[in-house]
Amino acid sequence: MKIISFINFKGGAGKTTALSVVASALLARGRTVALFESDENAPLGTWRNHARRSGTWDEACAIFPAGDLELFERSAGAAEKAGFEFGLVDTHGGGSELNSTVVASSALAIIPTAITSYDVNASVTTVEFIVDLIEREELGQSVIVALLVTKLPHTLNKSREADLASIQDFPLFQTMLRDRDALTGMLRSGLLHLTLEKRRTESSIGATHFQSAMREAEKLVDEVLEVVEG
């Protein structure tokens, strides 16, 4: 099982949304996905509850508890034994032994970041934490780290252009998640690909926005798979 962790020391960076986008695009391709809930606010469980009520959840996608180190290790073992191809971890905030173990177990650590000076600074701090962990644990190239731009406005002012330019020297996904209603509301609407199918079936209203978001998700997963499988 390939573990992909979503980590940022700052709240509101888009960790859970980014995880949801990747999970939806993987499931749409028929890949098997386990989700690990280590965020103390349990957004993944809430997401599943909303999705089940809307009929936009894939029951093949399991959520495992990972609120502490023992739970994560036990859940990771159970997911591996069950044959899941990918394990996506929604980490909790800050540096901790749990986060260190999750990152050290990851094939890919994704650091979502919005484009503001505050968000970029927090993301750089997160990168420094991971790089220090990799060096300290002598993990070498076993963990790949990359920034993922989230909540990207459709037009950038000069300040945000400067913030975006400031991270160009970091490992960075080419795909950026734009600030879309389809993404900001995804934790209420359910899995992106199933929500798109439902919208197409019931009405064309709003389907275009979900279609654009899904295309973005597919491009992002192309990059993710190139990293973890290539």
# chains A, B, ... in the order shown; residues from 1 in each chain; ligands from 1
$ select_by_dssp --residues "segment 95-190 of chain A" --states "helix (DSSP H, G or I)" --output "number ranges by chain"
A: 97-104, 117-136, 158-165, 181-184, 186-189
$ closest_residue --among "A:His193, A:Lys81, A:Arg188, A:Lys219" --to "His50 of chain A" --atoms "only C-alpha atoms"
A:Arg188
$ closest_residue --among "A:Pro43, A:Gly93, A:Pro153, A:Gly230" --to "Thr116 of chain A" --atoms "only C-alpha atoms"
A:Pro153
$ residues_around --residues "Glu40 of chain A" --least-positions-apart "6" --cutoff "12 Å" --atoms "only C-alpha atoms" --output "ChimeraX atom specification"
/A:11,46,65-68,90-94
$ write_last_selection --atoms "N, CA and C atoms" --output "CSV table (one decimal), in the first residue's frame"
chain,number,residue,atom,x,y,z
A,11,GLY,N,-3.8,25.5,10.0
A,11,GLY,CA,-5.2,25.0,9.7
A,11,GLY,C,-5.8,25.8,8.5
A,46,THR,N,-17.3,13.1,8.9
A,46,THR,CA,-18.4,14.0,8.6
A,46,THR,C,-18.7,14.0,7.1
A,65,PRO,N,-9.4,4.8,11.8
A,65,PRO,CA,-9.0,5.7,12.8
A,65,PRO,C,-7.5,5.8,12.9
A,66,ALA,N,-7.0,7.0,13.1
A,66,ALA,CA,-5.5,7.2,13.2
A,66,ALA,C,-5.2,8.4,14.1
A,67,GLY,N,-6.0,8.5,15.2
A,67,GLY,CA,-5.8,9.6,16.1
A,67,GLY,C,-4.6,9.6,17.0
A,68,ASP,N,-3.9,8.4,17.1
A,68,ASP,CA,-2.7,8.4,17.8
A,68,ASP,C,-1.8,7.4,17.1
A,90,ASP,N,-5.1,12.2,6.5
A,90,ASP,CA,-5.4,13.6,6.8
A,90,ASP,C,-4.8,13.8,8.2
A,91,THR,N,-3.6,14.4,8.2
A,91,THR,CA,-2.9,14.6,9.5
A,91,THR,C,-3.5,15.7,10.3
A,92,HIS,N,-3.1,15.6,11.6
A,92,HIS,CA,-3.5,16.7,12.5
A,92,HIS,C,-2.5,17.8,12.5
A,93,GLY,N,-2.8,18.9,13.1
A,93,GLY,CA,-1.9,20.1,13.1
A,93,GLY,C,-0.6,19.9,13.9
A,94,GLY,N,0.4,20.6,13.5
A,94,GLY,CA,1.7,20.7,14.2
A,94,GLY,C,2.6,19.5,14.1
